[in-house]
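S.K.: Next up, final-v9.tsv (TSV, C-alpha atoms).
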chain	number	residue	atom	x	y	z
Q	1	MET	CA	54.82	-3.70	-19.82
Q	2	SER	CA	51.08	-3.47	-19.51
Q	3	THR	CA	49.30	-2.23	-16.43
Q	4	PRO	CA	48.40	-5.10	-14.10
Q	5	PRO	CA	44.66	-5.76	-13.87
Q	6	ASP	CA	42.74	-4.21	-11.01
Q	7	ARG	CA	42.51	-7.10	-8.58
Q	8	SER	CA	39.46	-5.61	-6.90
Q	9	LEU	CA	37.54	-6.56	-10.02
Q	10	ARG	CA	38.63	-10.21	-9.88
Q	11	SER	CA	36.60	-12.92	-8.21
Q	12	ARG	CA	38.25	-15.04	-5.55
Q	13	SER	CA	38.26	-17.99	-7.92
Q	14	GLY	CA	40.26	-15.95	-10.42
Q	15	GLY	CA	37.57	-16.34	-13.08
Q	16	GLU	CA	35.50	-13.61	-14.70
Q	17	PRO	CA	35.96	-10.12	-13.28
Q	18	GLN	CA	33.15	-9.27	-10.90
Q	19	MET	CA	31.52	-5.98	-10.02
Q	20	SER	CA	32.30	-4.50	-6.65
Q	21	ALA	CA	29.32	-4.42	-4.33
Q	22	LEU	CA	27.04	-1.40	-4.26
Q	23	THR	CA	26.19	-0.03	-0.84
Q	24	ILE	CA	23.26	2.32	-0.29
Q	25	ALA	CA	22.52	3.71	3.17
Q	26	GLY	CA	24.86	1.15	4.70
Q	27	ARG	CA	23.18	-1.81	3.03
Q	28	THR	CA	25.16	-3.85	0.53
Q	29	LEU	CA	23.16	-4.95	-2.50
Q	30	ALA	CA	23.91	-8.12	-4.42
Q	31	SER	CA	23.61	-6.54	-7.87
Q	32	ARG	CA	23.73	-3.22	-9.67
Q	33	LEU	CA	20.63	-4.12	-11.67
Q	34	PHE	CA	17.31	-3.34	-10.00
Q	35	LEU	CA	14.16	-4.83	-11.44
Q	36	GLY	CA	10.62	-3.50	-11.60
Q	37	THR	CA	7.84	-6.05	-11.72
Q	38	GLY	CA	5.23	-3.86	-13.43
Q	39	GLY	CA	3.96	-4.91	-16.82
Q	40	LEU	CA	4.68	-8.62	-16.62
Q	41	PRO	CA	1.73	-10.37	-18.30
Q	42	SER	CA	1.81	-13.22	-15.80
Q	43	LEU	CA	3.45	-13.91	-12.46
Q	44	ALA	CA	4.22	-17.43	-13.71
Q	45	VAL	CA	7.31	-16.16	-15.52
Q	46	LEU	CA	8.56	-14.01	-12.61
Q	47	PRO	CA	10.74	-16.68	-10.94
Q	48	ASP	CA	12.66	-17.23	-14.19
Q	49	VAL	CA	12.95	-13.46	-14.75
Q	50	LEU	CA	14.33	-12.98	-11.24
Q	51	ASP	CA	16.73	-15.85	-11.73
Q	52	ALA	CA	18.00	-14.38	-15.02
Q	53	ALA	CA	18.28	-10.79	-13.75
Q	54	ARG	CA	19.54	-11.58	-10.23
Q	55	PRO	CA	18.57	-8.03	-9.22
Q	56	GLY	CA	19.77	-6.19	-6.14
Q	57	LEU	CA	16.29	-4.80	-5.44
Q	58	VAL	CA	12.83	-5.62	-6.76
Q	59	THR	CA	10.23	-2.87	-6.91
Q	60	VAL	CA	6.52	-3.18	-6.22
Q	61	SER	CA	3.66	-0.68	-6.07
Q	62	MET	CA	0.96	-0.17	-3.48
Q	63	ARG	CA	-2.62	-0.17	-4.73
Q	64	ARG	CA	-6.11	-0.37	-3.30
Q	65	THR	CA	-6.85	-3.97	-2.41
Q	66	SER	CA	-9.14	-5.77	-4.81
Q	67	SER	CA	-10.89	-9.07	-4.32
Q	68	THR	CA	-8.31	-10.74	-6.55
Q	69	ALA	CA	-5.28	-9.51	-4.61
Q	70	SER	CA	-3.03	-12.14	-3.11
Q	71	GLY	CA	0.35	-12.46	-1.49
Q	72	GLY	CA	1.66	-14.32	-4.55
Q	73	LEU	CA	3.94	-11.54	-5.80
Q	74	LEU	CA	5.67	-11.05	-2.46
Q	75	ASP	CA	5.98	-14.79	-1.95
Q	76	LEU	CA	7.84	-15.15	-5.24
Q	77	VAL	CA	10.21	-12.26	-4.56
Q	78	ARG	CA	10.97	-13.41	-1.05
Q	79	LYS	CA	11.37	-17.03	-2.13
Q	80	ALA	CA	14.08	-15.76	-4.50
Q	81	GLY	CA	15.75	-14.16	-1.47
Q	82	LEU	CA	15.50	-10.65	-2.94
Q	83	PRO	CA	14.78	-7.41	-1.08
Q	84	VAL	CA	11.60	-5.54	-1.97
Q	85	LEU	CA	11.60	-1.81	-2.73
Q	86	PRO	CA	8.10	-0.29	-2.66
Q	87	ASN	CA	7.44	2.71	-4.87
Q	88	THR	CA	4.96	5.56	-4.72
Q	89	ALA	CA	4.18	5.37	-8.44
Q	90	GLY	CA	1.19	7.37	-9.57
Q	91	CYS	CA	1.24	9.82	-6.66
Q	92	LEU	CA	0.59	13.40	-7.79
Q	93	SER	CA	1.36	15.21	-4.54
Q	94	ALA	CA	3.75	15.02	-1.61
Q	95	ARG	CA	0.80	14.21	0.66
Q	96	GLU	CA	-0.20	11.16	-1.39
Q	97	ALA	CA	3.40	9.98	-1.71
Q	98	VAL	CA	4.11	10.27	2.02
Q	99	LEU	CA	0.95	8.32	2.94
Q	100	THR	CA	1.74	5.67	0.33
Q	101	ALA	CA	5.28	5.31	1.69
Q	102	GLU	CA	3.92	5.00	5.22
Q	103	LEU	CA	1.46	2.33	4.09
Q	104	ALA	CA	4.24	0.46	2.29
Q	105	ARG	CA	6.41	0.56	5.40
Q	106	GLU	CA	3.61	-0.98	7.41
Q	107	ALA	CA	2.69	-3.54	4.74
Q	108	LEU	CA	6.17	-4.67	3.80
Q	109	GLY	CA	8.25	-3.99	6.87
Q	110	THR	CA	10.80	-1.82	5.06
Q	111	ASP	CA	11.58	1.85	5.49
Q	112	TRP	CA	13.13	2.01	2.03
Q	113	VAL	CA	11.03	3.74	-0.59
Q	114	LYS	CA	11.43	4.59	-4.23
Q	115	LEU	CA	9.82	8.01	-4.11
Q	116	GLU	CA	7.84	9.01	-7.18
Q	117	VAL	CA	5.80	12.19	-7.35
Q	118	ILE	CA	4.68	12.82	-10.89
Q	119	GLY	CA	3.42	16.09	-12.35
Q	120	ASP	CA	0.82	14.56	-14.64
Q	121	GLU	CA	-0.29	11.21	-15.93
Q	122	THR	CA	0.71	11.87	-19.54
Q	123	SER	CA	4.40	12.67	-19.24
Q	124	LEU	CA	4.91	10.87	-15.90
Q	125	LEU	CA	7.66	13.43	-15.33
Q	126	PRO	CA	8.63	14.20	-11.73
Q	127	ASP	CA	7.08	17.24	-10.04
Q	128	ALA	CA	10.27	18.76	-8.65
Q	129	VAL	CA	8.59	20.93	-6.00
Q	130	GLU	CA	6.40	18.16	-4.57
Q	131	LEU	CA	9.27	15.67	-4.88
Q	132	VAL	CA	11.67	17.67	-2.70
Q	133	ASP	CA	8.88	18.36	-0.20
Q	134	ALA	CA	8.02	14.65	0.07
Q	135	ALA	CA	11.69	13.66	0.29
Q	136	GLU	CA	12.29	16.05	3.20
Q	137	LYS	CA	9.24	14.77	5.07
Q	138	LEU	CA	10.09	11.09	4.55
Q	139	VAL	CA	13.73	11.53	5.53
Q	140	ARG	CA	12.55	13.24	8.73
Q	141	SER	CA	10.31	10.22	9.38
Q	142	GLY	CA	13.25	7.85	9.14
Q	143	PHE	CA	12.77	6.57	5.60
Q	144	THR	CA	15.61	5.62	3.29
Q	145	VAL	CA	14.53	7.62	0.25
Q	146	LEU	CA	15.48	6.87	-3.35
Q	147	PRO	CA	13.73	9.52	-5.46
Q	148	TYR	CA	12.82	9.21	-9.13
Q	149	THR	CA	13.98	12.50	-10.58
Q	150	THR	CA	14.85	14.26	-13.81
Q	151	ASP	CA	18.37	14.38	-15.22
Q	152	ASP	CA	18.83	17.88	-13.74
Q	153	PRO	CA	22.02	17.97	-11.64
Q	154	VAL	CA	20.76	20.88	-9.54
Q	155	LEU	CA	17.59	19.06	-8.53
Q	156	ALA	CA	19.63	15.94	-7.79
Q	157	ARG	CA	21.78	17.98	-5.42
Q	158	ARG	CA	18.67	19.36	-3.72
Q	159	LEU	CA	17.50	15.80	-3.14
Q	160	GLU	CA	20.90	14.80	-1.80
Q	161	ASP	CA	20.80	17.82	0.53
Q	162	ALA	CA	17.36	16.69	1.69
Q	163	GLY	CA	18.98	13.46	2.89
Q	164	CYS	CA	18.10	11.06	0.09
Q	165	ALA	CA	20.23	7.91	0.08
Q	166	ALA	CA	20.50	7.81	-3.72
Q	167	VAL	CA	19.02	9.63	-6.69
Q	168	MET	CA	17.25	7.92	-9.56
Q	169	PRO	CA	17.25	10.11	-12.69
Q	170	LEU	CA	15.39	9.21	-15.84
Q	171	GLY	CA	17.20	8.55	-19.09
Q	172	SER	CA	13.97	9.21	-20.98
Q	173	PRO	CA	10.26	9.01	-20.11
Q	174	ILE	CA	9.00	6.02	-18.13
Q	175	GLY	CA	8.24	3.06	-20.34
Q	176	SER	CA	9.47	4.82	-23.50
Q	177	GLY	CA	12.48	2.62	-24.16
Q	178	LEU	CA	14.26	5.65	-25.65
Q	179	GLY	CA	17.39	5.03	-23.57
Q	180	VAL	CA	19.62	7.83	-22.29
Q	181	LEU	CA	18.52	10.83	-24.35
Q	182	ASN	CA	20.92	13.30	-22.73
Q	183	PRO	CA	24.18	11.56	-21.82
Q	184	HIS	CA	25.84	14.88	-20.98
Q	185	ALA	CA	23.20	15.74	-18.40
Q	186	LEU	CA	23.43	12.30	-16.83
Q	187	GLU	CA	27.21	12.53	-16.67
Q	188	SER	CA	26.96	16.00	-15.11
Q	189	LEU	CA	24.45	14.71	-12.58
Q	190	VAL	CA	26.77	11.86	-11.60
Q	191	ALA	CA	29.54	14.42	-11.03
Q	192	ALA	CA	27.24	16.73	-9.05
Q	193	VAL	CA	26.29	14.35	-6.22
Q	194	ASP	CA	28.10	12.03	-3.83
Q	195	VAL	CA	25.20	9.60	-3.33
Q	196	PRO	CA	24.79	6.66	-5.73
Q	197	VAL	CA	23.01	7.45	-9.00
Q	198	VAL	CA	20.59	4.84	-10.30
Q	199	LEU	CA	19.27	5.26	-13.83
Q	200	ASP	CA	15.56	4.77	-13.37
Q	201	ALA	CA	13.57	5.17	-16.53
Q	202	GLY	CA	13.86	4.85	-20.28
Q	203	VAL	CA	15.93	1.70	-20.58
Q	204	GLY	CA	14.87	-0.20	-23.68
Q	205	THR	CA	17.64	-2.71	-24.13
Q	206	ALA	CA	21.02	-3.85	-22.85
Q	207	SER	CA	23.08	-1.13	-24.55
Q	208	ASP	CA	21.06	1.55	-22.71
Q	209	ALA	CA	21.97	-0.04	-19.38
Q	210	ALA	CA	25.60	-0.35	-20.43
Q	211	LEU	CA	25.74	3.32	-21.47
Q	212	ALA	CA	24.29	4.46	-18.15
Q	213	MET	CA	26.96	2.51	-16.30
Q	214	GLU	CA	29.69	3.85	-18.60
Q	215	LEU	CA	28.51	7.37	-17.76
Q	216	GLY	CA	29.08	6.63	-14.10
Q	217	CYS	CA	25.76	5.43	-12.76
Q	218	SER	CA	26.05	3.09	-9.81
Q	219	ALA	CA	23.09	0.96	-10.86
Q	220	VAL	CA	20.26	0.70	-13.36
Q	221	LEU	CA	16.60	0.01	-12.74
Q	222	ALA	CA	14.60	-1.60	-15.52
Q	223	ALA	CA	10.98	-2.63	-15.55
Q	224	THR	CA	9.19	-2.27	-18.88
Q	225	ALA	CA	12.33	-3.15	-20.84
Q	226	VAL	CA	12.15	-6.61	-19.30
Q	227	THR	CA	8.49	-7.16	-18.56
Q	228	ARG	CA	7.23	-6.12	-21.99
Q	229	ALA	CA	10.05	-7.66	-24.03
Q	230	ASP	CA	9.08	-10.53	-26.31
Q	231	ASP	CA	11.16	-12.78	-24.08
Q	232	PRO	CA	11.37	-11.25	-20.60
Q	233	VAL	CA	13.74	-13.92	-19.29
Q	234	ALA	CA	16.22	-13.43	-22.13
Q	235	MET	CA	16.04	-9.63	-21.75
Q	236	ALA	CA	16.56	-9.90	-17.99
Q	237	ARG	CA	19.79	-11.76	-18.63
Q	238	ALA	CA	20.80	-9.29	-21.36
Q	239	LEU	CA	20.31	-6.33	-19.03
Q	240	ARG	CA	22.33	-8.01	-16.30
Q	241	LEU	CA	25.16	-8.48	-18.77
Q	242	GLY	CA	24.72	-4.92	-20.06
Q	243	VAL	CA	25.12	-3.51	-16.57
Q	244	GLU	CA	28.19	-5.66	-15.99
Q	245	ALA	CA	29.70	-4.66	-19.34
Q	246	GLY	CA	29.10	-0.96	-18.74
Q	247	TYR	CA	30.54	-1.15	-15.24
Q	248	ALA	CA	33.64	-2.94	-16.49
Q	249	ALA	CA	34.08	-0.45	-19.33
Q	250	ARG	CA	33.75	2.49	-16.95
Q	251	GLY	CA	36.57	1.04	-14.86
Q	252	ALA	CA	38.67	0.19	-17.90
Q	253	GLY	CA	39.16	3.81	-19.00
Q	254	ARG	CA	37.92	4.27	-22.51
Q	255	ILE	CA	40.01	5.96	-25.18
Q	256	PRO	CA	39.34	9.63	-25.77
Q	257	ARG	CA	37.18	10.43	-28.76
Q	258	ARG	CA	39.17	11.84	-31.69
Q	259	ALA	CA	38.07	13.88	-34.65
Q	260	VAL	CA	40.52	12.17	-37.03
Q	261	ALA	CA	41.84	8.66	-37.61
Q	262	ARG	CA	44.81	7.22	-35.75
Q	263	ALA	CA	46.34	4.05	-37.16
Q	264	SER	CA	46.87	1.15	-34.81
Q	265	SER	CA	49.23	-0.60	-37.27
Q	266	PRO	CA	52.77	0.86	-37.54
Q	267	MET	CA	53.26	3.31	-40.39
Q	268	GLU	CA	56.99	2.48	-40.59
Q	269	GLY	CA	58.28	-0.42	-42.72
Q	270	ARG	CA	55.56	-0.39	-45.29
Q	271	ILE	CA	56.59	-1.60	-48.76
Q	272	ALA	CA	57.11	1.06	-51.37
U	1	MET	CA	-22.82	2.41	10.19
U	2	ARG	CA	-21.83	3.82	6.83
U	3	ILE	CA	-18.13	3.96	6.03
U	4	THR	CA	-16.09	4.50	2.87
U	5	VAL	CA	-13.63	1.76	1.92
U	6	ASN	CA	-11.29	2.44	-1.00
U	7	GLY	CA	-13.65	5.09	-2.32
U	8	ASN	CA	-16.80	2.96	-2.05
U	9	ARG	CA	-19.56	3.70	0.46
U	10	THR	CA	-20.42	0.55	2.35
U	11	GLU	CA	-22.27	-0.66	5.43
U	12	ALA	CA	-20.30	-2.07	8.37
U	13	PRO	CA	-21.78	-3.68	11.47
U	14	ASP	CA	-21.57	-1.78	14.74
U	15	GLY	CA	-18.46	-2.79	16.62
U	16	ALA	CA	-16.48	-3.51	13.43
U	17	VAL	CA	-12.72	-3.01	13.59
U	18	VAL	CA	-10.24	-2.23	10.79
U	19	ALA	CA	-9.08	-5.86	10.60
U	20	ASP	CA	-12.61	-6.89	9.55
U	21	LEU	CA	-12.22	-4.91	6.32
U	22	LEU	CA	-8.85	-6.39	5.32
U	23	PRO	CA	-8.60	-9.27	2.85
U	24	PRO	CA	-8.32	-12.75	4.42
U	25	ASP	CA	-4.77	-12.98	3.09
U	26	CYS	CA	-3.45	-9.65	4.31
U	27	ARG	CA	0.24	-10.25	3.74
U	28	GLY	CA	1.68	-7.18	2.07
U	29	SER	CA	-1.39	-5.15	2.98
U	30	ALA	CA	-1.85	-2.09	5.16
U	31	ALA	CA	-4.66	0.29	6.06
U	32	ALA	CA	-5.05	4.00	6.62
U	33	LEU	CA	-8.01	5.29	8.63
U	34	ASN	CA	-8.99	8.88	7.89
U	35	GLY	CA	-5.56	9.52	6.39
U	36	ALA	CA	-3.44	7.95	9.15
U	37	VAL	CA	-1.76	4.57	8.88
U	38	VAL	CA	-3.03	1.97	11.33
U	39	PRO	CA	-0.08	0.01	12.75
U	40	ARG	CA	-0.26	-3.72	12.05
U	41	GLY	CA	-0.55	-4.53	15.75
U	42	ARG	CA	-3.57	-2.23	16.11
U	43	LEU	CA	-5.68	-3.49	13.20
U	44	GLY	CA	-7.69	-5.77	15.47
U	45	ASP	CA	-8.54	-3.18	18.10
U	46	THR	CA	-9.02	-0.03	16.05
U	47	ALA	CA	-12.79	0.48	16.04
U	48	LEU	CA	-14.58	1.99	13.08
U	49	SER	CA	-17.07	4.83	13.42
U	50	ASP	CA	-19.85	6.12	11.20
U	51	GLY	CA	-18.41	8.26	8.40
U	52	ASP	CA	-14.91	6.81	8.58
U	53	VAL	CA	-12.80	6.73	5.44
U	54	LEU	CA	-10.62	3.65	5.14
U	55	GLU	CA	-7.95	2.93	2.55
U	56	VAL	CA	-6.70	-0.65	2.26
U	57	VAL	CA	-3.73	-1.24	-0.01
U	58	THR	CA	-1.59	-4.17	-0.98
U	59	ALA	CA	1.62	-4.74	-2.89
U	60	VAL	CA	1.13	-5.23	-6.62
U	61	GLN	CA	3.44	-5.43	-9.62
U	62	GLY	CA	5.07	-2.08	-10.24
U	63	GLY	CA	8.18	-0.44	-11.62
What is this file in structure tokens?
M.R.:
Amino acid sequence: MSTPPDRSLRSRSGGEPQMSALTIAGRTLASRLFLGTGGLPSLAVLPDVLDAARPGLVTVSMRRTSSTASGGLLDLVRKAGLPVLPNTAGCLSAREAVLTAELAREALGTDWVKLEVIGDETSLLPDAVELVDAAEKLVRSGFTVLPYTTDDPVLARRLEDAGCAAVMPLGSPIGSGLGVLNPHALESLVAAVDVPVVLDAGVGTASDAALAMELGCSAVLAATAVTRADDPVAMARALRLGVEAGYAARGAGRIPRRAVARASSPMEGRIA
Amino acid sequence: MRITVNGNRTEAPDGAVVADLLPPDCRGSAAALNGAVVPRGRLGDTALSDGDVLEVVTAVQGG
């Protein structure tokens, strides 16, 4: 007799299995796909992208106000009923990141922040020293901090110790679309911390998101993969399905990898 | 008085407050005066002084 299906994965209507809700810092999010808005050629397509992705969080950046700035972006995100997660993208020091987070809190009325402190503008890799410093300061100031970090399990644990509500490791460099370059590191990182792990950078297509979930990530954030795809709406949907597929596969218990073949058809009773 | 707004030196009338330097549609915007965030409720009564450095930011598309 086969194992009965895990009923926690079933919807109330008994239809398609559904993902269990993700909770970060006591707040339940509607989806395990987070969406970045950067790179979209036009805001006109954003409502359809949001509708296709149905993300749990939508990231925005804070930049010096220009004469062309408007509240259009926020209006669209809020009209879709989605929570906004400001980032500190582009900040090169803890000081800049903390001030940017404080400005975002005032501008957007949220104390959640996706903390980014990069080491240089070429690699966009996190500056570990400044990152931990900024995380400690923001946590002390009452922020819910979700830091963009490397796939180093030790650094992830430092960030967890600093009080971060989640950690957001890269799979590969921001905007590269190279996917999860070091699955072993990501899997080790997931095992090293108790807070949710959100794959933050490198997603290029749906299979990358699925792999991250299969490796145990709690959620995936994608920006460029969607916004710079030929068809952002179609890719938004594909990533949503990728996250769902990876989550379901993680819970399903994959077969162990084997070095040699193992027949699934019976070997007995073959004709001579 | 001479102040610096988002890196640009500019002239502001005496008696100007931070709110005067914000965009008309300031939803999703915030300001920092000399490195300290000005709370939303204080934008209208935080006076500017000669030599002040003001940063005004707003939410934009980002990842």
S.K.: Atom CA of Q:Ala134 and atom CA of Q:Val98 are how many Å apart?
M.R.: 6.2 Å
S.K.: Write out as a list of chain:residue names which residues come within 9 Å of U:Ser49 when counting all atoms listed in the file, dropping same-chain ones fewer than 6 positions away.
M.R.: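 The filter keeps U:Met1, U:Arg2, U:Ile3, U:Asp14, U:Gly15, U:Ala16, U:Val17.
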S.K.: Taking only C-alpha atoms into account, which of U:Thr10, U:Gly28, U:Val5, U:Asp45 comes nearest U:Ala59?
M.R.: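 The answer is U:Gly28, which sits nearest to U:Ala59.
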S.K.: Got a sec: who's within 8 Å of Q:Asp127, counting only C-alpha atoms, leaving out chain neighbours fewer than 6 positions off, as a list of chain:residue names?
M.R.: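 The residues that qualify are Q:Leu92, Q:Val117, Q:Ile118, Q:Gly119.
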S.K.: Using only C-alpha atoms and a cut-off of 9 Å, which residues of chain U sit close to chain Q? Please list them as a short mmCIF file (atom, residue, chain, number, x, y, z; two decimals) with C-alpha atoms, in the coordinates of the input.
M.R.:
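Output file part-v3.cif is given in full below:
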data_model
loop_
_atom_site.label_atom_id
_atom_site.label_comp_id
_atom_site.auth_asym_id
_atom_site.auth_seq_id
_atom_site.Cartn_x
_atom_site.Cartn_y
_atom_site.Cartn_z
CA ASN U 6 -11.29 2.44 -1.00
CA LEU U 22 -8.85 -6.39 5.32
CA PRO U 23 -8.60 -9.27 2.85
CA ASP U 25 -4.77 -12.98 3.09
CA CYS U 26 -3.45 -9.65 4.31
CA ARG U 27 0.24 -10.25 3.74
CA GLY U 28 1.68 -7.18 2.07
CA SER U 29 -1.39 -5.15 2.98
CA ALA U 30 -1.85 -2.09 5.16
CA ALA U 31 -4.66 0.29 6.06
CA ALA U 32 -5.05 4.00 6.62
CA GLY U 35 -5.56 9.52 6.39
CA ALA U 36 -3.44 7.95 9.15
CA VAL U 37 -1.76 4.57 8.88
CA VAL U 38 -3.03 1.97 11.33
CA PRO U 39 -0.08 0.01 12.75
CA ARG U 40 -0.26 -3.72 12.05
CA GLU U 55 -7.95 2.93 2.55
CA VAL U 56 -6.70 -0.65 2.26
CA VAL U 57 -3.73 -1.24 -0.01
CA THR U 58 -1.59 -4.17 -0.98
CA ALA U 59 1.62 -4.74 -2.89
CA VAL U 60 1.13 -5.23 -6.62
CA GLN U 61 3.44 -5.43 -9.62
CA GLY U 62 5.07 -2.08 -10.24
CA GLY U 63 8.18 -0.44 -11.62
#
S.K.: Quick check, in Å to one decimal: how far apart do atom CA of Q:Asp133 and atom CA of Q:Ser188 lie?
M.R.: 23.6 Å
S.K.: Point out the residue among Q:Leu124, Q:Cys217, Q:Ala135, Q:Ala52 with the least atom-to-atom distance to Q:Pro173, counting all atoms listed in the file.
M.R.: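 Comparing Q:Leu124, Q:Cys217, Q:Ala135, Q:Ala52 against Q:Pro173, the winner is Q:Leu124.
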S.K.: Kindly extract all protein, DNA and RNA residues lying within 12 Å of the coordinates (19.8, 14.3, -8.7) given in the file, considering all atoms listed in the file, and supply them as a VMD selection string.
M.R.: chain Q and resid 126 128 131 to 132 146 to 170 185 to 200 217
S.K.: Output requested as a tab-separated table (two decimals), in the coordinates of the input - stretch 212-230 of chain Q, filled out with N, CA and C atoms.
M.R.:
chain	number	residue	atom	x	y	z
Q	212	ALA	N	24.49	3.80	-19.44
Q	212	ALA	CA	24.29	4.46	-18.15
Q	212	ALA	C	25.43	4.14	-17.19
Q	213	MET	N	25.85	2.90	-17.18
Q	213	MET	CA	26.96	2.51	-16.30
Q	213	MET	C	28.26	3.16	-16.76
Q	214	GLU	N	28.47	3.21	-18.08
Q	214	GLU	CA	29.69	3.85	-18.60
Q	214	GLU	C	29.74	5.32	-18.23
Q	215	LEU	N	28.56	5.95	-18.11
Q	215	LEU	CA	28.51	7.37	-17.76
Q	215	LEU	C	28.69	7.59	-16.26
Q	216	GLY	N	28.78	6.50	-15.51
Q	216	GLY	CA	29.08	6.63	-14.10
Q	216	GLY	C	27.96	6.31	-13.15
Q	217	CYS	N	26.84	5.85	-13.67
Q	217	CYS	CA	25.76	5.43	-12.76
Q	217	CYS	C	26.24	4.26	-11.92
Q	218	SER	N	25.69	4.17	-10.71
Q	218	SER	CA	26.05	3.09	-9.81
Q	218	SER	C	25.18	1.86	-10.03
Q	219	ALA	N	24.02	2.06	-10.62
Q	219	ALA	CA	23.09	0.96	-10.86
Q	219	ALA	C	22.07	1.40	-11.89
Q	220	VAL	N	21.32	0.43	-12.38
Q	220	VAL	CA	20.26	0.70	-13.36
Q	220	VAL	C	19.00	-0.03	-12.92
Q	221	LEU	N	17.87	0.68	-12.99
Q	221	LEU	CA	16.60	0.01	-12.74
Q	221	LEU	C	15.86	-0.15	-14.07
Q	222	ALA	N	15.38	-1.35	-14.31
Q	222	ALA	CA	14.60	-1.60	-15.52
Q	222	ALA	C	13.32	-2.33	-15.14
Q	223	ALA	N	12.24	-1.93	-15.76
Q	223	ALA	CA	10.98	-2.63	-15.55
Q	223	ALA	C	10.41	-3.02	-16.91
Q	224	THR	N	9.83	-2.01	-17.59
Q	224	THR	CA	9.19	-2.27	-18.88
Q	224	THR	C	10.12	-2.97	-19.86
Q	225	ALA	N	11.38	-2.56	-19.88
Q	225	ALA	CA	12.33	-3.15	-20.84
Q	225	ALA	C	12.33	-4.67	-20.74
Q	226	VAL	N	12.17	-5.16	-19.51
Q	226	VAL	CA	12.15	-6.61	-19.30
Q	226	VAL	C	10.73	-7.15	-19.43
Q	227	THR	N	9.81	-6.53	-18.69
Q	227	THR	CA	8.49	-7.16	-18.56
Q	227	THR	C	7.69	-7.14	-19.85
Q	228	ARG	N	7.98	-6.18	-20.73
Q	228	ARG	CA	7.23	-6.12	-21.99
Q	228	ARG	C	8.08	-6.55	-23.18
Q	229	ALA	N	9.26	-7.10	-22.93
Q	229	ALA	CA	10.05	-7.66	-24.03
Q	229	ALA	C	9.37	-8.93	-24.54
Q	230	ASP	N	9.66	-9.29	-25.77
Q	230	ASP	CA	9.08	-10.53	-26.31
Q	230	ASP	C	9.45	-11.72	-25.43
